[in-house]
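A.B. asks: Structure supplied as protein.tsv; contents: TSV, C-alpha atoms and all ligand atoms.
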```tsv
chain	number	residue	atom	x	y	z
A	34	MET	CA	105.01	69.22	70.97
A	35	LYS	CA	101.32	68.41	71.46
A	36	HIS	CA	100.22	69.97	74.72
A	37	ILE	CA	101.58	73.13	76.36
A	38	ALA	CA	100.55	74.88	79.58
A	39	VAL	CA	100.86	78.54	80.45
A	40	LEU	CA	101.13	80.23	83.85
A	41	THR	CA	101.64	83.72	85.25
A	42	SER	CA	103.78	84.08	88.38
A	43	GLY	CA	105.06	86.66	90.85
A	44	GLY	CA	103.89	90.28	90.67
A	45	ASP	CA	101.10	90.82	88.14
A	46	ALA	CA	101.79	93.22	85.29
A	47	PRO	CA	99.49	94.97	82.77
A	48	GLY	CA	99.82	93.01	79.53
A	49	MET	CA	100.05	89.54	81.10
A	50	ASN	CA	96.59	88.76	79.71
A	51	ALA	CA	97.66	89.72	76.20
A	52	ALA	CA	100.60	87.30	76.59
A	53	ILE	CA	98.31	84.48	77.83
A	54	ARG	CA	96.06	85.11	74.83
A	55	ALA	CA	98.95	85.04	72.36
A	56	VAL	CA	100.42	81.83	73.82
A	57	THR	CA	96.99	80.15	73.76
A	58	ARG	CA	95.96	81.18	70.28
A	59	MET	CA	99.38	80.56	68.73
A	60	GLY	CA	99.47	77.07	70.30
A	61	LEU	CA	95.96	76.27	69.04
A	62	GLU	CA	96.94	77.64	65.62
A	63	LEU	CA	99.70	75.02	65.49
A	64	GLY	CA	97.14	72.31	66.27
A	65	TRP	CA	98.38	71.80	69.84
A	66	ARG	CA	96.37	71.52	73.03
A	67	VAL	CA	96.83	74.45	75.42
A	68	SER	CA	96.06	74.51	79.15
A	69	GLY	CA	96.04	77.32	81.69
A	70	VAL	CA	97.59	76.85	85.14
A	71	ALA	CA	95.87	78.86	87.91
A	72	GLN	CA	97.82	80.81	90.56
A	73	GLY	CA	101.36	80.39	89.26
A	74	TYR	CA	103.63	77.73	90.73
A	75	ALA	CA	101.19	77.18	93.62
A	76	GLY	CA	98.52	76.04	91.13
A	77	LEU	CA	101.10	73.97	89.29
A	78	ILE	CA	101.99	72.06	92.46
A	79	ALA	CA	98.28	71.62	93.24
A	80	GLY	CA	97.60	70.35	89.69
A	81	ASP	CA	95.21	73.24	89.01
A	82	ILE	CA	95.50	72.87	85.23
A	83	GLU	CA	92.52	73.40	82.89
A	84	PRO	CA	92.24	72.98	79.12
A	85	PHE	CA	91.87	76.25	77.20
A	86	THR	CA	90.00	77.00	73.98
A	87	ALA	CA	90.31	80.14	71.85
A	88	ARG	CA	87.24	81.42	73.77
A	89	SER	CA	88.98	80.99	77.15
A	90	VAL	CA	91.06	84.06	76.26
A	91	SER	CA	88.32	86.14	74.62
A	92	GLY	CA	87.96	89.77	75.62
A	93	ILE	CA	91.02	89.86	77.89
A	94	ILE	CA	93.61	91.75	75.81
A	95	GLN	CA	92.52	95.10	77.30
A	96	GLN	CA	92.36	93.89	80.92
A	97	GLY	CA	95.06	94.54	83.52
A	98	GLY	CA	96.15	91.81	85.94
A	99	THR	CA	96.04	88.16	84.92
A	100	ILE	CA	92.99	85.94	84.36
A	101	LEU	CA	95.08	82.95	85.47
A	102	GLY	CA	95.84	84.53	88.83
A	103	SER	CA	99.33	84.71	90.26
A	104	ALA	CA	100.99	83.71	93.50
A	105	ARG	CA	104.19	83.67	95.43
A	106	CYS	CA	104.97	80.05	96.22
A	107	PRO	CA	107.76	79.24	98.73
A	108	ASP	CA	107.30	75.48	98.08
A	109	PHE	CA	108.63	75.93	94.55
A	110	LEU	CA	112.00	76.95	95.99
A	111	THR	CA	112.49	73.31	97.04
A	112	GLU	CA	113.32	70.44	94.70
A	113	GLU	CA	110.52	68.43	96.28
A	114	GLY	CA	108.00	71.18	95.45
A	115	ARG	CA	109.20	71.37	91.85
A	116	GLU	CA	108.99	67.56	91.55
A	117	ARG	CA	105.35	67.79	92.63
A	118	GLY	CA	104.85	70.36	89.85
A	119	LEU	CA	106.49	68.03	87.34
A	120	ARG	CA	104.25	65.17	88.46
A	121	ALA	CA	101.15	67.34	87.92
A	122	LEU	CA	102.36	68.27	84.41
A	123	ALA	CA	102.92	64.56	83.63
A	124	GLN	CA	99.47	63.64	84.98
A	125	HIS	CA	97.90	66.19	82.63
A	126	ASP	CA	100.07	65.06	79.69
A	127	VAL	CA	101.64	68.49	79.34
A	128	ASP	CA	104.81	68.47	77.21
A	129	ALA	CA	106.10	72.01	77.86
A	130	LEU	CA	105.44	75.04	80.07
A	131	VAL	CA	105.39	78.77	79.28
A	132	VAL	CA	106.16	80.94	82.34
A	133	ILE	CA	105.08	84.59	82.14
A	134	GLY	CA	106.74	86.58	84.93
A	135	GLY	CA	109.69	88.45	86.34
A	136	ASN	CA	112.97	87.70	88.08
A	137	GLY	CA	111.81	85.17	90.67
A	138	SER	CA	109.46	83.44	88.26
A	139	GLN	CA	112.20	83.01	85.67
A	140	ALA	CA	114.55	81.68	88.39
A	141	GLY	CA	111.82	79.09	89.02
A	142	ALA	CA	111.54	78.41	85.28
A	143	ASN	CA	115.31	77.89	85.17
A	144	ALA	CA	115.19	75.50	88.14
A	145	LEU	CA	112.48	73.47	86.38
A	146	SER	CA	114.42	73.53	83.12
A	147	ALA	CA	117.55	72.31	84.96
A	148	MET	CA	115.52	69.25	86.01
A	149	GLY	CA	115.12	68.41	82.32
A	150	TYR	CA	111.62	69.79	81.65
A	151	PRO	CA	111.00	71.98	78.55
A	152	VAL	CA	110.26	75.54	79.71
A	153	VAL	CA	110.18	78.88	77.90
A	154	GLY	CA	109.90	82.15	79.83
A	155	VAL	CA	108.18	85.37	78.77
A	156	ALA	CA	109.66	88.57	80.25
A	157	SER	CA	106.99	90.32	82.33
A	158	THR	CA	107.45	92.61	85.33
A	159	ILE	CA	106.70	96.28	85.94
A	160	ASP	CA	110.08	96.60	87.74
A	161	ASN	CA	112.12	96.19	84.51
A	162	ASP	CA	114.84	94.40	86.46
A	163	LEU	CA	114.97	91.23	84.36
A	164	TYR	CA	118.16	90.34	82.50
A	165	GLY	CA	117.44	89.35	78.89
A	166	SER	CA	114.91	92.06	78.04
A	167	ASP	CA	115.56	95.78	77.66
A	168	ILE	CA	111.93	96.37	78.51
A	169	THR	CA	109.46	93.92	80.01
A	170	ILE	CA	105.68	93.55	79.77
A	171	GLY	CA	103.93	96.04	82.07
A	172	VAL	CA	106.68	98.65	82.40
A	173	ASP	CA	105.26	101.13	79.91
A	174	THR	CA	101.77	101.07	81.44
A	175	ALA	CA	103.12	101.35	85.01
A	176	LEU	CA	105.28	104.28	83.92
A	177	ASN	CA	102.31	106.06	82.40
A	178	ILE	CA	100.28	105.58	85.58
A	179	ALA	CA	103.13	107.02	87.67
A	180	LEU	CA	103.35	109.95	85.24
A	181	GLU	CA	99.66	110.72	85.49
A	182	ALA	CA	100.01	110.90	89.28
A	183	ILE	CA	103.14	113.10	89.04
A	184	ASP	CA	101.43	115.48	86.60
A	185	ARG	CA	98.48	115.87	88.96
A	186	LEU	CA	100.66	116.37	92.01
A	187	LYS	CA	102.57	119.05	90.14
A	188	VAL	CA	99.36	121.02	89.69
A	189	THR	CA	98.52	120.99	93.39
A	190	ALA	CA	102.19	121.49	94.35
A	191	SER	CA	102.30	124.66	92.21
A	192	SER	CA	99.11	126.01	93.73
A	193	HIS	CA	100.37	125.64	97.29
A	194	GLN	CA	104.13	126.06	96.83
A	195	ARG	CA	104.69	122.65	98.30
A	196	ALA	CA	107.21	119.91	97.83
A	197	PHE	CA	105.84	116.46	97.09
A	198	LEU	CA	107.49	113.10	97.43
A	199	VAL	CA	106.16	110.44	95.09
A	200	GLU	CA	107.19	106.89	95.89
A	201	VAL	CA	107.04	104.52	92.96
A	202	MET	CA	107.46	100.73	92.82
A	203	GLY	CA	110.37	98.80	91.34
A	204	ARG	CA	111.65	96.73	94.27
A	205	ASN	CA	115.45	97.11	94.26
A	206	CYS	CA	115.54	98.58	90.77
A	207	GLY	CA	115.36	102.34	90.19
A	208	TYR	CA	114.20	102.14	86.57
A	209	LEU	CA	110.56	103.17	87.14
A	210	ALA	CA	111.61	106.00	89.47
A	211	LEU	CA	114.29	107.32	87.14
A	212	MET	CA	112.17	107.18	84.00
A	213	SER	CA	109.12	108.70	85.64
A	214	ALA	CA	111.33	111.47	87.09
A	215	ILE	CA	112.72	112.25	83.62
A	216	ALA	CA	109.36	112.06	81.86
A	217	GLY	CA	107.58	113.90	84.70
A	218	GLY	CA	110.17	116.68	84.94
A	219	ALA	CA	110.84	116.01	88.63
A	220	GLU	CA	113.17	118.24	90.66
A	221	ALA	CA	114.97	115.28	92.23
A	222	VAL	CA	115.04	111.49	92.08
A	223	VAL	CA	116.20	108.91	94.61
A	224	ILE	CA	117.07	105.38	93.43
A	225	PRO	CA	118.52	102.33	95.18
A	226	GLU	CA	121.51	102.07	92.82
A	227	VAL	CA	122.99	105.42	93.95
A	228	GLU	CA	123.38	106.58	97.56
A	229	SER	CA	121.40	109.78	98.18
A	230	ASP	CA	122.09	112.39	100.83
A	231	PRO	CA	118.90	114.01	102.19
A	232	GLU	CA	120.90	117.20	102.93
A	233	ILE	CA	121.69	117.48	99.22
A	234	ILE	CA	118.04	116.91	98.34
A	235	ALA	CA	117.09	119.69	100.77
A	236	THR	CA	119.66	122.01	99.16
A	237	GLU	CA	118.36	121.17	95.69
A	238	LEU	CA	114.81	121.97	96.80
A	239	ARG	CA	115.86	125.28	98.35
A	240	ASP	CA	117.80	126.17	95.21
A	241	SER	CA	114.88	125.35	92.95
A	242	TYR	CA	112.61	127.67	95.02
A	243	ARG	CA	115.29	130.37	94.77
A	244	ARG	CA	115.35	129.93	91.00
A	245	GLY	CA	111.67	130.79	91.02
A	246	LYS	CA	110.06	127.37	90.82
A	247	SER	CA	106.64	127.18	92.40
A	248	HIS	CA	106.63	123.43	92.93
A	249	ALA	CA	108.98	120.59	93.70
A	250	ILE	CA	108.47	116.92	92.95
A	251	ILE	CA	110.88	114.32	94.26
A	252	VAL	CA	110.45	110.83	92.86
A	253	VAL	CA	111.72	108.08	95.15
A	254	ALA	CA	112.04	104.37	94.46
A	255	GLU	CA	110.51	102.09	97.09
A	256	GLY	CA	113.79	100.15	97.37
A	257	ALA	CA	115.98	103.20	98.06
A	258	ARG	CA	117.53	103.56	101.53
A	259	TYR	CA	115.84	106.95	101.74
A	260	ASN	CA	112.38	105.91	100.56
A	261	ALA	CA	109.36	108.17	101.15
A	262	GLU	CA	109.02	107.19	104.82
A	263	ALA	CA	112.72	107.69	105.63
A	264	LEU	CA	112.87	111.04	103.79
A	265	LEU	CA	109.71	112.29	105.52
A	266	GLU	CA	111.20	111.43	108.88
A	267	PHE	CA	114.44	113.21	108.04
A	268	PHE	CA	112.65	116.36	106.87
A	269	LYS	CA	110.38	116.33	109.92
A	270	ALA	CA	113.34	116.00	112.29
A	271	HIS	CA	115.17	118.90	110.62
A	272	ARG	CA	112.15	121.04	109.76
A	273	GLY	CA	113.32	124.18	111.57
A	274	ARG	CA	116.65	124.15	109.80
A	275	LEU	CA	115.40	123.05	106.37
A	276	GLY	CA	112.52	125.51	106.34
A	277	PHE	CA	109.86	123.57	104.49
A	278	GLU	CA	107.62	120.58	104.74
A	279	LEU	CA	107.18	117.62	102.45
A	280	ARG	CA	104.00	115.75	101.59
A	281	ALA	CA	104.29	112.15	100.47
A	282	THR	CA	102.23	110.03	98.11
A	283	THR	CA	102.99	106.35	97.77
A	284	LEU	CA	101.62	105.01	94.51
A	285	GLY	CA	102.09	101.35	95.46
A	286	HIS	CA	99.85	98.83	93.76
A	287	VAL	CA	97.90	101.53	91.91
A	288	GLN	CA	100.74	101.27	89.40
A	289	ARG	CA	100.07	97.63	88.70
A	290	GLY	CA	96.34	97.49	88.11
A	291	GLY	CA	95.94	99.67	85.04
A	292	ALA	CA	94.63	98.58	81.66
A	293	PRO	CA	97.61	97.82	79.43
A	294	GLY	CA	98.46	100.49	76.88
A	295	ALA	CA	99.17	99.81	73.21
A	296	TYR	CA	102.89	99.26	73.80
A	297	ASP	CA	102.39	96.54	76.43
A	298	ARG	CA	99.63	94.80	74.47
A	299	ILE	CA	101.82	94.59	71.38
A	300	LEU	CA	104.97	93.61	73.30
A	301	ALA	CA	103.07	90.89	75.21
A	302	THR	CA	101.47	89.58	72.02
A	303	ARG	CA	104.82	89.38	70.23
A	304	LEU	CA	106.69	87.79	73.15
A	305	GLY	CA	103.90	85.28	73.87
A	306	ALA	CA	103.65	84.22	70.22
A	307	ALA	CA	107.45	83.96	69.93
A	308	ALA	CA	107.58	81.67	72.99
A	309	VAL	CA	105.31	79.19	71.22
A	310	GLU	CA	107.18	79.52	67.91
A	311	ARG	CA	110.48	78.78	69.67
A	312	LEU	CA	108.97	75.69	71.33
A	313	ALA	CA	107.71	74.60	67.91
A	314	SER	CA	111.23	74.85	66.52
A	315	GLY	CA	112.54	72.65	69.33
A	316	GLU	CA	114.05	75.32	71.60
A	317	GLN	CA	113.63	75.32	75.38
A	318	GLY	CA	115.29	76.61	78.54
A	319	ILE	CA	115.16	80.18	77.23
A	320	LEU	CA	113.62	83.53	78.09
A	321	ILE	CA	111.90	85.48	75.32
A	322	GLY	CA	112.57	89.18	75.66
A	323	HIS	CA	112.95	92.41	73.72
A	324	LEU	CA	116.61	93.25	73.11
A	325	GLN	CA	117.93	96.09	70.95
A	326	GLY	CA	114.63	96.40	69.14
A	327	GLU	CA	114.25	92.69	68.38
A	328	ILE	CA	112.51	89.70	69.91
A	329	ARG	CA	115.38	87.57	71.20
A	330	ALA	CA	115.97	84.48	73.32
A	331	THR	CA	118.44	84.28	76.23
A	332	PRO	CA	119.24	81.02	78.07
A	333	LEU	CA	117.30	80.87	81.36
A	334	ALA	CA	120.52	79.85	83.15
A	335	GLU	CA	122.09	83.16	82.03
A	336	VAL	CA	118.97	85.12	83.04
A	337	ALA	CA	119.03	83.54	86.52
A	338	ALA	CA	122.75	84.20	86.97
A	339	ARG	CA	123.00	87.79	85.72
A	340	LYS	CA	121.74	91.10	86.98
A	341	LYS	CA	120.41	93.75	84.63
A	342	PRO	CA	122.37	96.98	85.02
A	343	LEU	CA	120.60	100.33	85.20
A	344	ASP	CA	122.03	103.12	83.05
A	345	VAL	CA	122.84	105.51	85.89
A	346	ASN	CA	124.05	108.10	83.36
A	347	LEU	CA	120.37	108.90	82.99
A	348	LEU	CA	120.52	110.21	86.55
A	349	LYS	CA	122.83	112.99	85.31
A	350	LEU	CA	120.30	113.79	82.60
A	351	ALA	CA	117.49	113.96	85.18
A	352	ASP	CA	119.60	116.25	87.40
A	353	ALA	CA	120.67	118.54	84.54
A	354	LEU	CA	117.12	119.00	83.28
A	355	ALA	CA	115.72	119.61	86.78
A	356	LYS	CA	117.39	123.05	86.81
B	1	LIG	P1	108.63	87.94	90.20
B	1	LIG	O1	108.57	86.84	89.20
B	1	LIG	O2	107.62	89.02	89.95
B	1	LIG	O3	110.04	88.47	90.39
B	1	LIG	P2	108.87	86.57	92.82
B	1	LIG	O4	110.28	86.99	93.02
B	1	LIG	O5	107.94	86.68	93.97
B	1	LIG	O6	108.15	87.32	91.60
B	1	LIG	O7	108.90	85.03	92.35
B	1	LIG	C1	107.71	84.34	92.05
B	1	LIG	C2	107.81	82.89	92.45
B	1	LIG	O8	108.83	82.24	91.69
B	1	LIG	C3	108.23	82.61	93.90
B	1	LIG	O9	107.15	82.73	94.80
B	1	LIG	C4	108.70	81.19	93.82
B	1	LIG	O10	107.62	80.29	93.78
B	1	LIG	C5	109.38	81.15	92.45
B	1	LIG	N1	110.83	81.33	92.57
B	1	LIG	C6	111.52	82.45	92.84
B	1	LIG	N2	112.85	82.23	92.91
B	1	LIG	C7	113.02	80.91	92.70
B	1	LIG	C8	114.15	80.03	92.65
B	1	LIG	N3	115.38	80.50	92.83
B	1	LIG	N4	113.93	78.74	92.40
B	1	LIG	C9	112.68	78.25	92.22
B	1	LIG	N5	111.58	79.01	92.24
B	1	LIG	C10	111.73	80.32	92.48
```
Show how you would write the structure in this file as structure tokens.

C.D. replies:
Amino acid sequence: MKHIAVLTSGGDAPGMNAAIRAVTRMGLELGWRVSGVAQGYAGLIAGDIEPFTARSVSGIIQQGGTILGSARCPDFLTEEGRERGLRALAQHDVDALVVIGGNGSQAGANALSAMGYPVVGVASTIDNDLYGSDITIGVDTALNIALEAIDRLKVTASSHQRAFLVEVMGRNCGYLALMSAIAGGAEAVVIPEVESDPEIIATELRDSYRRGKSHAIIVVAEGARYNAEALLEFFKAHRGRLGFELRATTLGHVQRGGAPGAYDRILATRLGAAAVERLASGEQGILIGHLQGEIRATPLAEVAARKKPLDVNLLKLADALAK
């Protein structure tokens, strides 16, 4: 290996910069050339590839987002688009690619790998829905941002005896919602993996007021059938019967933009460095993730084919502790 390139793709996540830095510096340490690809697969197709020095990644470890930029690129879903990407890599004499990103990005990395090009993925998404990593870069920071919001809403909810809905991100995965509900001490949680009945939520809220609680926080995942908008509508339509009103806060992209905490900086640094070390030892077509407390590699083909299960037993824990 003489020349590697690194890109970030899909949804940005706090810690991506720490991963870019680790890939760059570890590659340079091995005496390789390292280049950065701007705007994910879109920049790859456009040949937007620039040589990096150690200084290119100075002062970025504490920054959220990604200095390389990210994009969603429909062209990369086609073989023709990926061939254009491969041509750009050949034109720049790049021997291998490191892809920092989530589910879609690693599906793209697998598609490129299946065409015979050396690729190593680094597990990074705030949704924590990527097979091959128990926890991915950005999750911990996003969770802490959601918690800060929940803690604040609890204060105002207590003062006014109100119920608050907090919608958190996570696409079709309820991990962020479930974990922030447990850590935030929420009264109820709604996730896509388990069907929720708004009548039961209303009963739970009534019961918690009866038990003397002065506030109620319901955490809902954006991908749930009853997300914040649907629940608000339901409660509005049945207000007379249900007896109370809900206020909703959608955290949305606020969760993404934070400065990475210590956990994400260290995880990103370790995963990024391991990606380069694996390439140096001749491995490719793998995702580097954190599994059972260790840095481990999983074949990209397996990552693309499998779905990460959510431990829904934690829902019982959230429910039991909400009493
Ligand atoms: P994330 O990586 O955060 O899950 P997306 O799902 O938006 O983000 O995927 C990012 C990009 O990865 C897509 O815009 C597309 O360019 C590429 N991609 C996604 N799925 C595939 C696939 N099956 N084959 C090739 N490229 C893909």

A.B. asks: Residues within 6 Å of (93.4, 81.0, 71.6), file coordinates, counting all atoms listed in the file: what are they? Give the list as a list in words.

C.D. replies: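 Taken together, the residues in range are Arg54, Thr57, Arg58, Leu61, Thr86 and Ala87 of chain A.
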
A.B. asks: Within 10 Å of ligand LIG 1 (chain B), which residues show up when you count all atoms listed in the file? List them as number ranges by chain, please.

C.D. replies: A: 41-46, 73-75, 103-112, 114-115, 132-145, 156-163, 204, 337

A.B. asks: What does the distance from atom CA of A:Gly285 to atom CA of A:Met49 come to in Å, to one decimal?

C.D. replies: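 Atom CA of A:Met49 lies at a distance of 18.7 Å from atom CA of A:Gly285.
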
A.B. asks: Can you find the residues with an atom no farther than 12 Å from (124.8, 105.2, 83.9), counting only C-alpha atoms, and report them as a list in words?

C.D. replies: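 Those residues, ordered by chain and then number, are Gly207, Tyr208, Leu211, Glu226, Val227, Pro342, Leu343, Asp344, Val345, Asn346, Leu347, Leu348, Lys349, Leu350 and Ala351 of chain A.
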
A.B. asks: List every residue of stretch 140-211 of chain A that has an atom at most 9 Å from any atom of stretch 258-273 of chain A, giving for each one its closest atom pair and the distance in Å to one decimal, counting all atoms listed in the file, sorted by chain and then by ascending residue number, as JSON lines.

C.D. replies:
```
{"residue": "A:Leu198", "atom": "CA", "partner": "A:Ala261", "partner_atom": "CA", "distance": 6.5}
{"residue": "A:Val199", "atom": "CA", "partner": "A:Ala261", "partner_atom": "CA", "distance": 7.2}
{"residue": "A:Glu200", "atom": "CA", "partner": "A:Ala261", "partner_atom": "CA", "distance": 5.8}
```

A.B. asks: Quick one, how far is atom CA of A:Thr99 from atom CA of A:Ile37?

C.D. replies: 18.2 Å

A.B. asks: With distances taken over all atoms listed in the file, which of A:Ile319, A:Ile53, A:Ala210, A:Leu324 is nearest to A:Val336?

C.D. replies: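 That would be A:Ile319, the residue with the smallest distance to A:Val336.
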
A.B. asks: Taking into account all atoms listed in the file, which residue in the set A:Val70, A:Val152, A:Ile328, A:Ala182 is nearest to A:Leu304?

C.D. replies: A:Ile328

A.B. asks: Find the residues around A:Ala221 up to 9 Å (all atoms listed in the file counted), leave out those fewer than 2 positions away in its own chain, and share them as a PyMOL selection string.

C.D. replies: chain A and resi 214+218-219+223+234+237-238+249-253+351-352+355

A.B. asks: Emit the selected residues as a compact mmCIF listing (two decimals), keeping the file's coordinate frame, including C-alpha atoms.

C.D. replies:
```txt
# COMPACT_ATOMS: atom_id res chain seq x y z
CA ALA A 214 111.33 111.47 87.09
CA GLY A 218 110.17 116.68 84.94
CA ALA A 219 110.84 116.01 88.63
CA VAL A 223 116.20 108.91 94.61
CA ILE A 234 118.04 116.91 98.34
CA GLU A 237 118.36 121.17 95.69
CA LEU A 238 114.81 121.97 96.80
CA ALA A 249 108.98 120.59 93.70
CA ILE A 250 108.47 116.92 92.95
CA ILE A 251 110.88 114.32 94.26
CA VAL A 252 110.45 110.83 92.86
CA VAL A 253 111.72 108.08 95.15
CA ALA A 351 117.49 113.96 85.18
CA ASP A 352 119.60 116.25 87.40
CA ALA A 355 115.72 119.61 86.78
```

A.B. asks: Write out as a list in words which residues come within 12 Å of A:Gln124 when counting only C-alpha atoms, dropping same-chain ones fewer than 6 positions away.

C.D. replies: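 What passes the distance filter is Leu77, Ile78, Ala79, Gly80, Asp81, Ile82, Arg117 and Gly118 of chain A.
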
A.B. asks: Output C-alpha atoms of each residue in that selection to a file, as a PDB file, in the coordinates of the input.

C.D. replies:
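To be explicit, this is the file written out as result.pdb:
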```
ATOM      1  CA  LEU A  77     101.100  73.970  89.290  1.00  0.00           C
ATOM      2  CA  ILE A  78     101.990  72.060  92.460  1.00  0.00           C
ATOM      3  CA  ALA A  79      98.280  71.620  93.240  1.00  0.00           C
ATOM      4  CA  GLY A  80      97.600  70.350  89.690  1.00  0.00           C
ATOM      5  CA  ASP A  81      95.210  73.240  89.010  1.00  0.00           C
ATOM      6  CA  ILE A  82      95.500  72.870  85.230  1.00  0.00           C
ATOM      7  CA  ARG A 117     105.350  67.790  92.630  1.00  0.00           C
ATOM      8  CA  GLY A 118     104.850  70.360  89.850  1.00  0.00           C
TER       9      GLY A 118
END
```

A.B. asks: Atom CA of A:Ala38 and atom CA of A:Arg120, how far apart in Å?

C.D. replies: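 Separating atom CA of A:Arg120 from atom CA of A:Ala38 is a distance of 13.7 Å.
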
A.B. asks: Of the candidates A:Gly64, A:Gly154, A:Gly171, A:Gly318, which shows the shortest atom-to-atom distance to A:Tyr296, using only C-alpha atoms?

C.D. replies: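 Under the stated criterion, the closest residue is A:Gly171.
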
A.B. asks: Can you work out which one of A:Val188, A:Ala295, A:Ala330, A:Leu279 has the shortest atom-to-atom distance to A:Ala308, counting only C-alpha atoms?

C.D. replies: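 So, comparing all the options, the nearest one is A:Ala330.
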
A.B. asks: Out of A:Arg311, A:Lys341, A:Arg329, A:His323, which residue has the shortest atom-to-atom distance to A:Val153 when counting all atoms listed in the file?

C.D. replies: A:Arg311

A.B. asks: Ranking A:Pro332, A:Gly98, A:Gly326, A:Gly48 by minimum distance to A:Asp173 and counting only C-alpha atoms, which one comes first?

C.D. replies: A:Gly48
